[in-house]
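What follows is my_file-v1.pdb (PDB, C-alpha atoms).
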```pdb
ATOM      1  CA  MET A 256       6.349 -11.084 -12.936
ATOM      2  CA  VAL A 257       4.644  -7.714 -13.198
ATOM      3  CA  ARG A 258       6.210  -5.088 -11.074
ATOM      4  CA  ILE A 259       4.213  -2.576  -9.139
ATOM      5  CA  PRO A 260       5.520   0.718 -10.418
ATOM      6  CA  GLY A 261       5.806   3.853  -8.475
ATOM      7  CA  ILE A 262       7.388   2.917  -5.146
ATOM      8  CA  ALA A 263      10.068   5.537  -5.591
ATOM      9  CA  ALA A 264       7.658   7.702  -7.584
ATOM     10  CA  LEU A 265       5.208   7.906  -4.706
ATOM     11  CA  ALA A 266       7.005  11.103  -3.785
ATOM     12  CA  VAL A 267       5.672  12.741  -6.968
ATOM     13  CA  ILE A 268       2.338  14.124  -5.734
ATOM     14  CA  LEU A 269       0.397  16.498  -7.953
ATOM     15  CA  VAL A 270      -2.411  17.566  -5.613
ATOM     16  CA  SER A 271      -2.596  17.682  -1.838
ATOM     17  CA  LEU A 272      -5.639  17.326   0.350
ATOM     18  CA  PRO A 273      -5.831  17.228   4.141
ATOM     19  CA  VAL A 274      -7.066  14.065   5.825
ATOM     20  CA  THR A 275     -10.195  14.231   7.956
ATOM     21  CA  ALA A 276      -9.492  13.532  11.599
ATOM     22  CA  LEU A 277     -10.731  10.119  12.616
ATOM     23  CA  ALA A 278     -10.807  10.314  16.394
ATOM     24  CA  GLN A 279     -10.088  12.452  19.408
ATOM     25  CA  PRO A 280      -6.441  13.001  20.357
ATOM     26  CA  ALA A 281      -4.848  10.165  22.299
ATOM     27  CA  PRO A 282      -4.434  10.715  26.036
ATOM     28  CA  PRO A 283      -0.948  11.543  27.268
ATOM     29  CA  LEU A 284       1.248   8.731  28.477
ATOM     30  CA  SER A 285       0.726   9.795  32.084
ATOM     31  CA  THR A 286      -2.936   8.708  31.962
ATOM     32  CA  LEU A 287      -2.058   5.119  31.004
ATOM     33  CA  GLU A 288      -1.245   2.249  33.302
ATOM     34  CA  PRO A 289       2.531   1.950  33.743
ATOM     35  CA  VAL A 290       4.235  -0.797  31.783
ATOM     36  CA  GLU A 291       7.444  -2.471  32.815
ATOM     37  CA  THR A 292       9.857  -1.329  30.089
ATOM     38  CA  ALA A 293      12.167  -4.316  30.308
ATOM     39  CA  SER A 294       9.357  -6.833  29.755
ATOM     40  CA  ALA A 295       7.671  -4.720  27.099
ATOM     41  CA  CYS A 296      10.673  -3.692  25.044
ATOM     42  CA  GLY A 297      13.480  -6.061  25.954
ATOM     43  CA  PRO A 298      16.976  -5.026  26.964
ATOM     44  CA  ASN A 299      17.925  -3.464  23.634
ATOM     45  CA  GLU A 300      17.181  -0.267  21.795
ATOM     46  CA  ILE A 301      14.617  -0.947  19.088
ATOM     47  CA  THR A 302      15.627   0.205  15.622
ATOM     48  CA  ILE A 303      13.082   0.772  12.848
ATOM     49  CA  ALA A 304      14.019   0.939   9.165
ATOM     50  CA  ASP A 305      12.988   4.030   7.214
ATOM     51  CA  MET A 306      12.917   2.721   3.638
ATOM     52  CA  ARG A 307      12.995   6.232   2.177
ATOM     53  CA  TRP A 308       9.845   6.029   0.103
ATOM     54  CA  PRO A 309       6.994   8.056   1.574
ATOM     55  CA  SER A 310       4.632   5.361   2.855
ATOM     56  CA  ALA A 311       7.421   3.372   4.507
ATOM     57  CA  SER A 312       8.832   6.536   6.073
ATOM     58  CA  ILE A 313       5.453   7.506   7.512
ATOM     59  CA  LEU A 314       5.026   4.018   8.957
ATOM     60  CA  ALA A 315       8.471   4.050  10.532
ATOM     61  CA  HIS A 316       7.612   7.235  12.412
ATOM     62  CA  ILE A 317       4.127   6.004  13.368
ATOM     63  CA  HIS A 318       5.596   2.914  14.995
ATOM     64  CA  ARG A 319       8.361   4.931  16.664
ATOM     65  CA  ILE A 320       5.803   7.249  18.266
ATOM     66  CA  ILE A 321       3.505   4.469  19.457
ATOM     67  CA  LEU A 322       6.262   2.211  20.792
ATOM     68  CA  THR A 323       7.825   5.165  22.589
ATOM     69  CA  ASN A 324       4.657   6.677  24.052
ATOM     70  CA  GLU A 325       2.561   3.584  24.715
ATOM     71  CA  LEU A 326       5.135   0.901  25.562
ATOM     72  CA  GLY A 327       7.907   3.144  26.878
ATOM     73  CA  CYS A 328      10.495   1.738  24.495
ATOM     74  CA  THR A 329      13.740   3.373  23.428
ATOM     75  CA  VAL A 330      13.384   3.615  19.653
ATOM     76  CA  ARG A 331      15.634   4.908  16.891
ATOM     77  CA  ILE A 332      14.949   5.353  13.161
ATOM     78  CA  VAL A 333      17.678   4.051  10.826
ATOM     79  CA  SER A 334      18.067   4.221   7.038
ATOM     80  CA  GLY A 335      16.902   1.201   5.080
ATOM     81  CA  ASP A 336      16.489  -0.411   1.694
ATOM     82  CA  THR A 337      14.508  -3.552   0.910
ATOM     83  CA  ALA A 338      17.318  -6.002   0.120
ATOM     84  CA  VAL A 339      19.929  -4.440   2.406
ATOM     85  CA  THR A 340      17.546  -4.238   5.353
ATOM     86  CA  ALA A 341      16.355  -7.830   4.999
ATOM     87  CA  SER A 342      19.930  -9.095   4.745
ATOM     88  CA  SER A 343      21.017  -7.078   7.763
ATOM     89  CA  MET A 344      18.068  -8.271   9.832
ATOM     90  CA  ALA A 345      18.964 -11.866   8.987
ATOM     91  CA  THR A 346      22.672 -11.595   9.794
ATOM     92  CA  THR A 347      22.950  -8.960  12.533
ATOM     93  CA  GLN A 348      19.348  -8.807  13.867
ATOM     94  CA  GLN A 349      19.369  -5.078  13.083
ATOM     95  CA  PRO A 350      17.232  -3.191  12.354
ATOM     96  CA  ALA A 351      14.655  -4.813  14.590
ATOM     97  CA  ILE A 352      11.639  -3.752  12.516
ATOM     98  CA  ALA A 353      10.963  -3.095   8.820
ATOM     99  CA  PRO A 354       7.379  -1.735   8.637
ATOM    100  CA  GLU A 355       6.864  -2.043   4.853
ATOM    101  CA  LEU A 356       8.894  -4.953   3.537
ATOM    102  CA  TRP A 357       8.014  -6.072  -0.004
ATOM    103  CA  THR A 358       9.166  -9.658   0.428
ATOM    104  CA  SER A 359       7.998 -10.756  -3.030
ATOM    105  CA  ARG A 360      10.785  -8.566  -4.456
ATOM    106  CA  ILE A 361      13.513 -10.363  -2.499
ATOM    107  CA  PRO A 362      12.301 -13.988  -2.330
ATOM    108  CA  GLU A 363      15.746 -15.590  -2.068
ATOM    109  CA  ILE A 364      16.878 -13.368   0.800
ATOM    110  CA  TRP A 365      13.573 -13.490   2.658
ATOM    111  CA  ASN A 366      12.907 -17.213   2.260
ATOM    112  CA  ALA A 367      16.410 -18.099   3.419
ATOM    113  CA  ALA A 368      16.103 -15.827   6.450
ATOM    114  CA  THR A 369      12.686 -17.139   7.500
ATOM    115  CA  THR A 370      13.816 -20.746   7.023
ATOM    116  CA  ALA A 371      16.812 -20.055   9.246
ATOM    117  CA  GLY A 372      14.493 -18.475  11.818
ATOM    118  CA  SER A 373      16.410 -15.202  11.959
ATOM    119  CA  VAL A 374      13.486 -13.021  10.782
ATOM    120  CA  ARG A 375       9.745 -13.272  11.040
ATOM    121  CA  ALA A 376       6.790 -11.897   9.116
ATOM    122  CA  MET A 377       4.443 -10.171  11.521
ATOM    123  CA  ALA A 378       1.205  -8.521  10.358
ATOM    124  CA  ALA A 379       0.463  -7.649   6.740
ATOM    125  CA  THR A 380       1.413  -4.004   6.339
ATOM    126  CA  TYR A 381      -1.867  -3.093   4.617
ATOM    127  CA  ARG A 382      -5.430  -4.312   4.265
ATOM    128  CA  GLY A 383      -8.528  -3.197   2.421
ATOM    129  CA  GLY A 384      -7.964  -3.377  -1.319
ATOM    130  CA  PRO A 385      -5.744  -4.441  -4.216
ATOM    131  CA  LEU A 386      -2.243  -3.041  -4.426
ATOM    132  CA  GLU A 387      -2.489  -2.949  -8.214
ATOM    133  CA  GLY A 388      -5.455  -2.974 -10.546
ATOM    134  CA  TRP A 389      -8.241  -1.053 -12.261
ATOM    135  CA  PHE A 390     -10.130   1.896 -10.759
ATOM    136  CA  ILE A 391     -12.985   4.260 -11.589
ATOM    137  CA  PRO A 392     -13.753   7.727 -10.173
ATOM    138  CA  ALA A 393     -16.044   7.851  -7.142
ATOM    139  CA  TYR A 394     -18.687   9.860  -9.037
ATOM    140  CA  LEU A 395     -18.948   7.079 -11.627
ATOM    141  CA  ALA A 396     -19.114   4.383  -8.932
ATOM    142  CA  GLU A 397     -21.906   6.249  -7.147
ATOM    143  CA  ASP A 398     -23.968   6.658 -10.323
ATOM    144  CA  HIS A 399     -23.318   3.093 -11.504
ATOM    145  CA  PRO A 400     -22.818   0.646  -8.620
ATOM    146  CA  GLU A 401     -23.047  -2.186 -11.131
ATOM    147  CA  LEU A 402     -19.534  -1.266 -12.304
ATOM    148  CA  ALA A 403     -17.951  -2.803  -9.216
ATOM    149  CA  ARG A 404     -16.846  -5.943 -11.117
ATOM    150  CA  ALA A 405     -14.690  -6.198 -14.224
ATOM    151  CA  ASP A 406     -16.823  -8.985 -15.687
ATOM    152  CA  GLN A 407     -19.774  -6.562 -15.765
ATOM    153  CA  LEU A 408     -18.012  -3.811 -17.713
ATOM    154  CA  PHE A 409     -18.883  -5.252 -21.133
ATOM    155  CA  ASN A 410     -22.616  -5.358 -20.352
ATOM    156  CA  GLU A 411     -22.541  -1.915 -18.727
ATOM    157  CA  ARG A 412     -20.471  -0.254 -21.466
ATOM    158  CA  ASP A 413     -22.965   2.576 -21.917
ATOM    159  CA  ALA A 414     -21.909   3.934 -18.522
ATOM    160  CA  PHE A 415     -18.557   4.785 -20.126
ATOM    161  CA  GLY A 416     -20.106   6.346 -23.212
ATOM    162  CA  GLY A 417     -20.418   3.199 -25.309
ATOM    163  CA  ILE A 418     -18.284   1.884 -28.158
ATOM    164  CA  GLY A 419     -15.926   4.482 -29.530
ATOM    165  CA  ASP A 420     -16.198   6.886 -26.601
ATOM    166  CA  ALA A 421     -15.035   4.787 -23.632
ATOM    167  CA  ARG A 422     -11.538   5.598 -22.340
ATOM    168  CA  PHE A 423      -9.115   3.332 -20.503
ATOM    169  CA  ILE A 424      -5.997   5.060 -19.158
ATOM    170  CA  SER A 425      -3.460   2.259 -18.897
ATOM    171  CA  CYS A 426       0.169   2.511 -17.785
ATOM    172  CA  PRO A 427       3.185   3.598 -19.872
ATOM    173  CA  ALA A 428       4.071   1.245 -22.716
ATOM    174  CA  ASP A 429       7.476   0.369 -21.237
ATOM    175  CA  TRP A 430       5.913  -0.803 -17.966
ATOM    176  CA  ALA A 431       5.100  -4.507 -17.730
ATOM    177  CA  CYS A 432       1.535  -3.722 -16.667
ATOM    178  CA  ALA A 433       0.835  -2.255 -20.127
ATOM    179  CA  ILE A 434       1.115  -5.741 -21.658
ATOM    180  CA  VAL A 435      -1.071  -7.234 -18.936
ATOM    181  CA  ASN A 436      -3.711  -4.543 -19.427
ATOM    182  CA  ARG A 437      -3.831  -5.138 -23.192
ATOM    183  CA  ASN A 438      -4.391  -8.845 -22.632
ATOM    184  CA  LEU A 439      -6.950  -8.318 -19.862
ATOM    185  CA  MET A 440      -8.888  -6.048 -22.220
ATOM    186  CA  ARG A 441      -9.030  -8.925 -24.715
ATOM    187  CA  ALA A 442      -9.861 -11.503 -22.041
ATOM    188  CA  LEU A 443     -12.861  -9.421 -20.936
ATOM    189  CA  ARG A 444     -13.918  -8.466 -24.527
ATOM    190  CA  LEU A 445     -13.329  -4.812 -23.707
ATOM    191  CA  GLN A 446     -10.898  -3.991 -26.515
ATOM    192  CA  ILE A 447     -13.834  -3.341 -28.862
ATOM    193  CA  ILE A 448     -15.356  -0.848 -26.406
ATOM    194  CA  PHE A 449     -12.478   1.044 -24.823
ATOM    195  CA  GLU A 450      -9.820   3.138 -26.459
ATOM    196  CA  SER A 451      -6.715   2.252 -24.458
ATOM    197  CA  GLU A 452      -4.238   5.043 -23.817
ATOM    198  CA  GLU A 453      -0.665   4.287 -22.788
ATOM    199  CA  PRO A 454       0.875   7.479 -21.360
ATOM    200  CA  ALA A 455       4.469   8.410 -22.052
ATOM    201  CA  ASN A 456       5.473   8.256 -18.386
ATOM    202  CA  ARG A 457       4.169   8.575 -14.820
ATOM    203  CA  LEU A 458       3.707  12.337 -15.088
ATOM    204  CA  ASP A 459       1.721  11.952 -18.303
ATOM    205  CA  LEU A 460      -0.422   9.283 -16.653
ATOM    206  CA  ASP A 461      -1.251  11.592 -13.750
ATOM    207  CA  ARG A 462      -1.897  14.508 -16.101
ATOM    208  CA  ARG A 463      -4.422  12.474 -18.104
ATOM    209  CA  LEU A 464      -6.032  11.235 -14.930
ATOM    210  CA  SER A 465      -6.298  14.739 -13.456
ATOM    211  CA  GLU A 466      -7.828  16.143 -16.634
ATOM    212  CA  ALA A 467     -10.370  13.320 -16.887
ATOM    213  CA  ILE A 468     -11.404  13.725 -13.257
ATOM    214  CA  SER A 469     -11.702  17.519 -13.553
ATOM    215  CA  ARG A 470     -14.076  17.026 -16.498
ATOM    216  CA  ARG A 471     -15.936  14.263 -14.621
ATOM    217  CA  GLU A 472     -15.392  11.845 -17.469
ATOM    218  CA  PRO A 473     -16.564   8.221 -17.120
ATOM    219  CA  VAL A 474     -13.043   6.824 -17.367
ATOM    220  CA  LEU A 475     -11.489   3.451 -16.477
ATOM    221  CA  ILE A 476      -7.986   3.715 -14.979
ATOM    222  CA  TYR A 477      -5.024   1.511 -14.130
ATOM    223  CA  TYR A 478      -3.352   2.519 -10.853
ATOM    224  CA  TRP A 479      -1.690   1.177  -7.714
ATOM    225  CA  GLN A 480      -1.625   1.838  -3.990
ATOM    226  CA  PRO A 481      -0.741   3.011  -1.421
ATOM    227  CA  ASN A 482      -0.725   6.234  -3.367
ATOM    228  CA  ALA A 483      -1.802   9.811  -2.705
ATOM    229  CA  ALA A 484      -3.652   9.939  -6.034
ATOM    230  CA  ILE A 485      -6.162   7.331  -4.868
ATOM    231  CA  ASP A 486      -7.218   9.709  -2.109
ATOM    232  CA  GLN A 487      -6.860  12.940  -4.092
ATOM    233  CA  PHE A 488      -8.917  11.732  -7.047
ATOM    234  CA  SER A 489     -11.336   9.552  -5.005
ATOM    235  CA  LEU A 490     -10.681   6.406  -7.040
ATOM    236  CA  LYS A 491     -12.624   3.201  -6.355
ATOM    237  CA  SER A 492     -11.199  -0.200  -7.231
ATOM    238  CA  ILE A 493     -12.816  -2.571  -9.714
ATOM    239  CA  ASP A 494     -12.968  -6.228  -8.675
ATOM    240  CA  LEU A 495     -10.921  -8.134 -11.254
ATOM    241  CA  GLY A 496     -11.852 -11.470  -9.694
ATOM    242  CA  LEU A 497      -9.513 -14.089  -8.325
ATOM    243  CA  PHE A 498      -5.875 -14.374  -9.267
ATOM    244  CA  ASN A 499      -5.467 -17.139 -11.866
ATOM    245  CA  PRO A 500      -1.906 -18.515 -11.672
ATOM    246  CA  ASP A 501      -2.427 -20.577 -14.811
ATOM    247  CA  ALA A 502      -3.570 -17.571 -16.845
ATOM    248  CA  TRP A 503      -0.978 -15.135 -15.524
ATOM    249  CA  PRO A 504       2.101 -16.193 -17.600
ATOM    250  CA  CYS A 505       0.199 -15.633 -20.846
ATOM    251  CA  LEU A 506      -1.165 -12.282 -19.681
ATOM    252  CA  GLY A 507       2.409 -11.041 -19.355
ATOM    253  CA  MET A 508       3.305 -11.971 -22.966
ATOM    254  CA  ASN A 509       3.038  -9.752 -26.021
ATOM    255  CA  ALA A 510       1.824 -12.738 -28.049
ATOM    256  CA  CYS A 511      -0.828 -14.206 -25.748
ATOM    257  CA  ASP A 512      -3.075 -16.326 -27.968
ATOM    258  CA  ASN A 513      -5.806 -17.012 -25.431
ATOM    259  CA  PRO A 514      -5.840 -14.478 -22.588
ATOM    260  CA  LEU A 515      -8.037 -15.384 -19.618
ATOM    261  CA  PRO A 516      -9.318 -13.083 -16.862
ATOM    262  CA  SER A 517      -7.310 -12.717 -13.676
ATOM    263  CA  SER A 518      -6.551 -10.163 -11.026
ATOM    264  CA  PHE A 519      -2.995  -8.949 -10.602
ATOM    265  CA  PRO A 520      -0.912 -11.154  -8.288
ATOM    266  CA  GLU A 521      -0.989 -10.126  -4.660
ATOM    267  CA  ALA A 522       2.335  -8.685  -3.559
ATOM    268  CA  GLN A 523       3.562  -9.796  -0.142
ATOM    269  CA  VAL A 524       4.033  -6.668   1.964
ATOM    270  CA  VAL A 525       4.637  -7.385   5.642
ATOM    271  CA  ILE A 526       6.047  -5.965   8.826
ATOM    272  CA  GLY A 527       9.364  -7.749   9.087
ATOM    273  CA  ALA A 528      10.924  -8.318  12.509
ATOM    274  CA  ALA A 529      14.203  -9.655  13.817
ATOM    275  CA  ALA A 530      13.713 -12.954  15.655
ATOM    276  CA  TRP A 531      14.963 -11.630  19.009
ATOM    277  CA  LEU A 532      11.840  -9.505  19.453
ATOM    278  CA  GLN A 533       9.660 -12.556  20.033
ATOM    279  CA  ASP A 534      11.649 -13.782  23.041
ATOM    280  CA  GLU A 535      13.058 -10.554  24.447
ATOM    281  CA  ALA A 536      10.265  -8.061  23.681
ATOM    282  CA  PRO A 537       7.055 -10.121  23.512
ATOM    283  CA  LEU A 538       4.713  -7.137  23.885
ATOM    284  CA  VAL A 539       6.390  -5.432  20.942
ATOM    285  CA  ALA A 540       6.002  -8.652  18.942
ATOM    286  CA  ASP A 541       2.313  -8.794  19.887
ATOM    287  CA  TYR A 542       1.903  -5.190  18.759
ATOM    288  CA  LEU A 543       3.551  -5.887  15.396
ATOM    289  CA  ARG A 544       1.310  -8.893  14.780
ATOM    290  CA  ALA A 545      -1.716  -6.588  14.930
ATOM    291  CA  ALA A 546      -0.425  -3.390  13.295
ATOM    292  CA  THR A 547      -2.088  -3.623   9.869
ATOM    293  CA  LEU A 548      -3.046  -0.236   8.408
ATOM    294  CA  PRO A 549      -6.039   0.259   6.085
ATOM    295  CA  LEU A 550      -4.864   1.227   2.601
ATOM    296  CA  GLU A 551      -7.428   4.012   2.550
ATOM    297  CA  GLU A 552      -5.793   5.555   5.605
ATOM    298  CA  MET A 553      -2.297   5.442   4.094
ATOM    299  CA  ASN A 554      -3.565   6.966   0.846
ATOM    300  CA  GLY A 555      -4.885   9.885   2.891
ATOM    301  CA  LEU A 556      -1.643  10.208   4.848
ATOM    302  CA  LEU A 557       0.315  10.346   1.591
ATOM    303  CA  ALA A 558      -1.981  13.083   0.317
ATOM    304  CA  GLU A 559      -1.360  15.017   3.522
ATOM    305  CA  LEU A 560       2.383  14.562   3.091
ATOM    306  CA  GLY A 561       2.141  16.548  -0.137
ATOM    307  CA  SER A 562       0.985  19.676   1.651
ATOM    308  CA  GLU A 563       3.491  22.502   1.989
ATOM    309  CA  GLY A 564       5.801  22.169   4.956
ATOM    310  CA  SER A 565       4.669  18.659   5.831
ATOM    311  CA  SER A 566       7.007  15.783   6.701
ATOM    312  CA  PRO A 567       6.729  12.064   7.528
ATOM    313  CA  GLU A 568       7.297  12.908  11.204
ATOM    314  CA  ALA A 569       4.489  15.491  11.229
ATOM    315  CA  VAL A 570       2.068  13.214   9.377
ATOM    316  CA  ALA A 571       2.840  10.360  11.777
ATOM    317  CA  GLN A 572       2.271  12.617  14.781
ATOM    318  CA  ARG A 573      -1.098  13.733  13.438
ATOM    319  CA  PHE A 574      -2.066  10.095  12.891
ATOM    320  CA  TYR A 575      -1.144   9.312  16.501
ATOM    321  CA  GLU A 576      -3.142  12.245  17.832
ATOM    322  CA  THR A 577      -6.302  11.676  15.765
ATOM    323  CA  ALA A 578      -6.493   8.011  14.723
ATOM    324  CA  GLY A 579      -6.595   6.252  18.068
ATOM    325  CA  ASP A 580      -9.528   4.175  16.828
ATOM    326  CA  ILE A 581      -7.051   2.503  14.461
ATOM    327  CA  TRP A 582      -3.818   2.184  16.422
ATOM    328  CA  ARG A 583      -5.292   1.351  19.829
ATOM    329  CA  ALA A 584      -6.456  -1.944  18.318
ATOM    330  CA  TRP A 585      -2.795  -2.751  17.693
ATOM    331  CA  LEU A 586      -1.832  -2.533  21.359
ATOM    332  CA  PRO A 587      -1.449  -5.747  23.368
ATOM    333  CA  ALA A 588      -4.328  -6.566  25.691
ATOM    334  CA  ALA A 589      -2.153  -5.668  28.696
ATOM    335  CA  LEU A 590      -2.165  -2.040  27.571
ATOM    336  CA  ASN A 591      -5.878  -1.724  26.845
TER     337      ASN A 591
END
```

Show the structure stored in the file as C-alpha cells.
Amino acid sequence: MVRIPGIAALAVILVSLPVTALAQPAPPLSTLEPVETASACGPNEITIADMRWPSASILAHIHRIILTNELGCTVRIVSGDTAVTASSMATTQQPAIAPELWTSRIPEIWNAATTAGSVRAMAATYRGGPLEGWFIPAYLAEDHPELARADQLFNERDAFGGIGDARFISCPADWACAIVNRNLMRALRLQIIFESEEPANRLDLDRRLSEAISRREPVLIYYWQPNAAIDQFSLKSIDLGLFNPDAWPCLGMNACDNPLPSSFPEAQVVIGAAAWLQDEAPLVADYLRAATLPLEEMNGLLAELGSEGSSPEAVAQRFYETAGDIWRAWLPAALN
C-alpha cells in the first residue's frame, strides 16, 4: 500500500497566503432560535480529538466552535492520535468525535470497532479532489485546458516543452510513491517525454516546486492534500482515471513488467463518532453526518495557519465568522 506522505509534515509551510473571506460573519447565538441543550447534545460533555497535525487540529476547533455556539453544547478538546483515539473510542466511548480519522491506516482497529457497533463513520472529512496524485500549476491549466486528464498528456506533450524539456517533479526516492510514479510514467508512455526528478526529501521537493512556479515553468508535479502548498502555489489536479485494483500491486513494485494506468487508491478519511452520540445526542449526530469540508477550503486554511502569529483556534474562528455558506449546510434542519 502506498502511504500518503506528509501528515506530520503538513506543519512545514514555506509560504503563507491569507484566505479570501467567503461570506458575511455569522450572527451571534442570541439571534438564533433556542435549542434544548439536553436533546441537542445529550447529557454528557462532548470531547473532540485534536490529532496534532494541522488540518485535524483546525477541524477540531471548527467543530468545537459550531457545536458550542449553534447547538449550545459543552465541548472540550482532548489530545489524540489515530490508533490510540480509535481504540479509546471503541472501548471507553471517549473522545466522542475524531474529525479527521484516517481509517485505512488502522483497518484492524476500525473494522473491529464498527462491527461491534461501538463507533460509527459519519461524513467523509473532505470532498472535492484526490488526496494524492499529479498536479499542474494553475497558469498551465488555464493556457491548456486539454491537460486535465493524464491520458492526454502524451498527445499534448508540447505544452510541457516537448521531449527532452518536460519536467516531472516526483516524490523522494525512499517514498513508496516514487515507485508508483515511475511505473505510471511507463504505463502512460510518458517516460520518453518527461525527465523525472526525485527530490532528496520533502524540503527539496518544495524548493523545486517553488522555483518552478516562480519561473512559471510548465511542470508536472506529484503532491497530496490537504496541504497549504496546493493553495499557495495554485496547483490543479490531473485526472488519473479510475482506480484499478488489479493494476495497483504491480505499480507498487520496482520490477513491474506491464504497468497499467490507475489513480492512487482513495484513502478513507472520515469523521469518527462514538456510538452513544446517535442515541443520546441525535442533533449532533445529524450535524456530523453533513460536516464534509471542501479540500480547497482546508488548503486555504492551512495556508492561513502559516501566517505569523496564527493558530488553529484563530483560523477556526475566522472560518466560523466568514464561511457560513459552508458550515450552515451542516446544521440539522431544526436549526435552519

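With CA of Leu557 in chain A on one side and CA of Gln480 in chain A on the other, the separation reads 10.4 Å.
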
Name the residues captured by the PyMOL selection byres ((chain A and resi 528) around 8) when it is applied to the shown file; answer as a ChimeraX atom specification.
/A:344,351-353,374-377,526-527,529-530,532

Residues near range 540-550 of chain A, cut-off 8 Å, only C-alpha atoms, skip fewer than 5 positions along chain, as a PyMOL selection string
chain A and resi 377-384+480-481+526+532-533+581-582+584-587

Distance query Asn499 in chain A at most 9 Å, all atoms listed in the file, self and fewer than 4 positions along chain excluded, as a PDB file with C-alpha atoms, in the frame of the given file:
```
ATOM      1  CA  TRP A 503      -0.978 -15.135 -15.524  1.00  0.00           C
ATOM      2  CA  LEU A 515      -8.037 -15.384 -19.618  1.00  0.00           C
ATOM      3  CA  PRO A 516      -9.318 -13.083 -16.862  1.00  0.00           C
ATOM      4  CA  SER A 517      -7.310 -12.717 -13.676  1.00  0.00           C
ATOM      5  CA  SER A 518      -6.551 -10.163 -11.026  1.00  0.00           C
ATOM      6  CA  PHE A 519      -2.995  -8.949 -10.602  1.00  0.00           C
ATOM      7  CA  PRO A 520      -0.912 -11.154  -8.288  1.00  0.00           C
TER       8      PRO A 520
END
```

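The space between CA of Phe488 in chain A and CA of Ala522 in chain A spans 23.6 Å.
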
Pull out every residue that the PyMOL selection byres ((chain A and resi 338-342) around 9) matches in the shown coordinates and put them as an NGL selection string.
:A and (304 or 306 or 334-337 or 343-347 or 349-350 or 353 or 356 or 358 or 360-361 or 364-365 or 368 or 374 or 527)

Exactly which residues make up the result of the PyMOL selection byres ((chain A and resi 331) around 6) on this file, given as a ChimeraX atom specification?
/A:302,330,332

Produce a table with one row for each residue of range 372-413 of chain A that has an atom at most 9 Å from any atom of range 439-451 of chain A, each row naming the nearest atom pair and its distance in Å at one decimal; use all atoms listed in the file; arrange rows by chain and rising residue number; format as a tab-separated table.
```
residue	atom	partner	partner_atom	distance
A:Ala405	CA	A:Leu443	CA	7.7
A:Asp406	CA	A:Leu443	CA	6.6
A:Leu408	CA	A:Leu445	CA	7.7
A:Phe409	CA	A:Leu445	CA	6.1
A:Arg412	CA	A:Ile448	CA	7.1
```

Distance in Å - CA of Cys511 in chain A versus CA of Ala433 in chain A
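Separation between CA of Cys511 in chain A and CA of Ala433 in chain A: 13.3 Å.
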
If you count all atoms listed in the file, the residue of A:Ala414, A:Ala455, A:Ala396, A:Ile313 closest to Pro427 in chain A turns out to be A:Ala455

Any chance you could work out the axis-aligned box around range 563-577 of chain A, listed atoms only, 4 Å on each side, giving centre and edge lengths in Å to one decimal, as AutoDock Vina command-line options?
```
--center_x 0.5 --center_y 15.9 --center_z 9.9 --size_x 21.6 --size_y 21.2 --size_z 23.8
```

Please identify all polymer residues within 12 Å of Asp512 in chain A, counting all atoms listed in the file, omitting same-chain residues fewer than 4 positions from it, and present them as a ChimeraX atom specification.
/A:438,441-442,502,504-508

Ranking A:Gly579, A:Pro392, A:Pro454, A:Gly417 by minimum distance to Ala484 in chain A and counting all atoms listed in the file, which one comes first?
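Smallest distance to Ala484 in chain A is found for A:Pro392.
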
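In terms of minimum interatomic distance to Gly496 in chain A, A:Trp389 ranks closest within A:Trp308, A:Tyr394, A:Phe423, A:Trp389, counting all atoms listed in the file.
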
Among the residues A:Ala315, A:Val474, A:Leu460, A:Ile493, the one that comes closest to Ala421 in chain A [using all atoms listed in the file]:
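The closest residue to Ala421 in chain A is A:Val474.
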
When distances are computed from all atoms listed in the file, which of A:Asn456, A:Thr369, A:Asn299, A:Ser310 shows the smallest separation from Val570 in chain A?
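Closest to Val570 in chain A, using all atoms listed in the file: A:Ser310.
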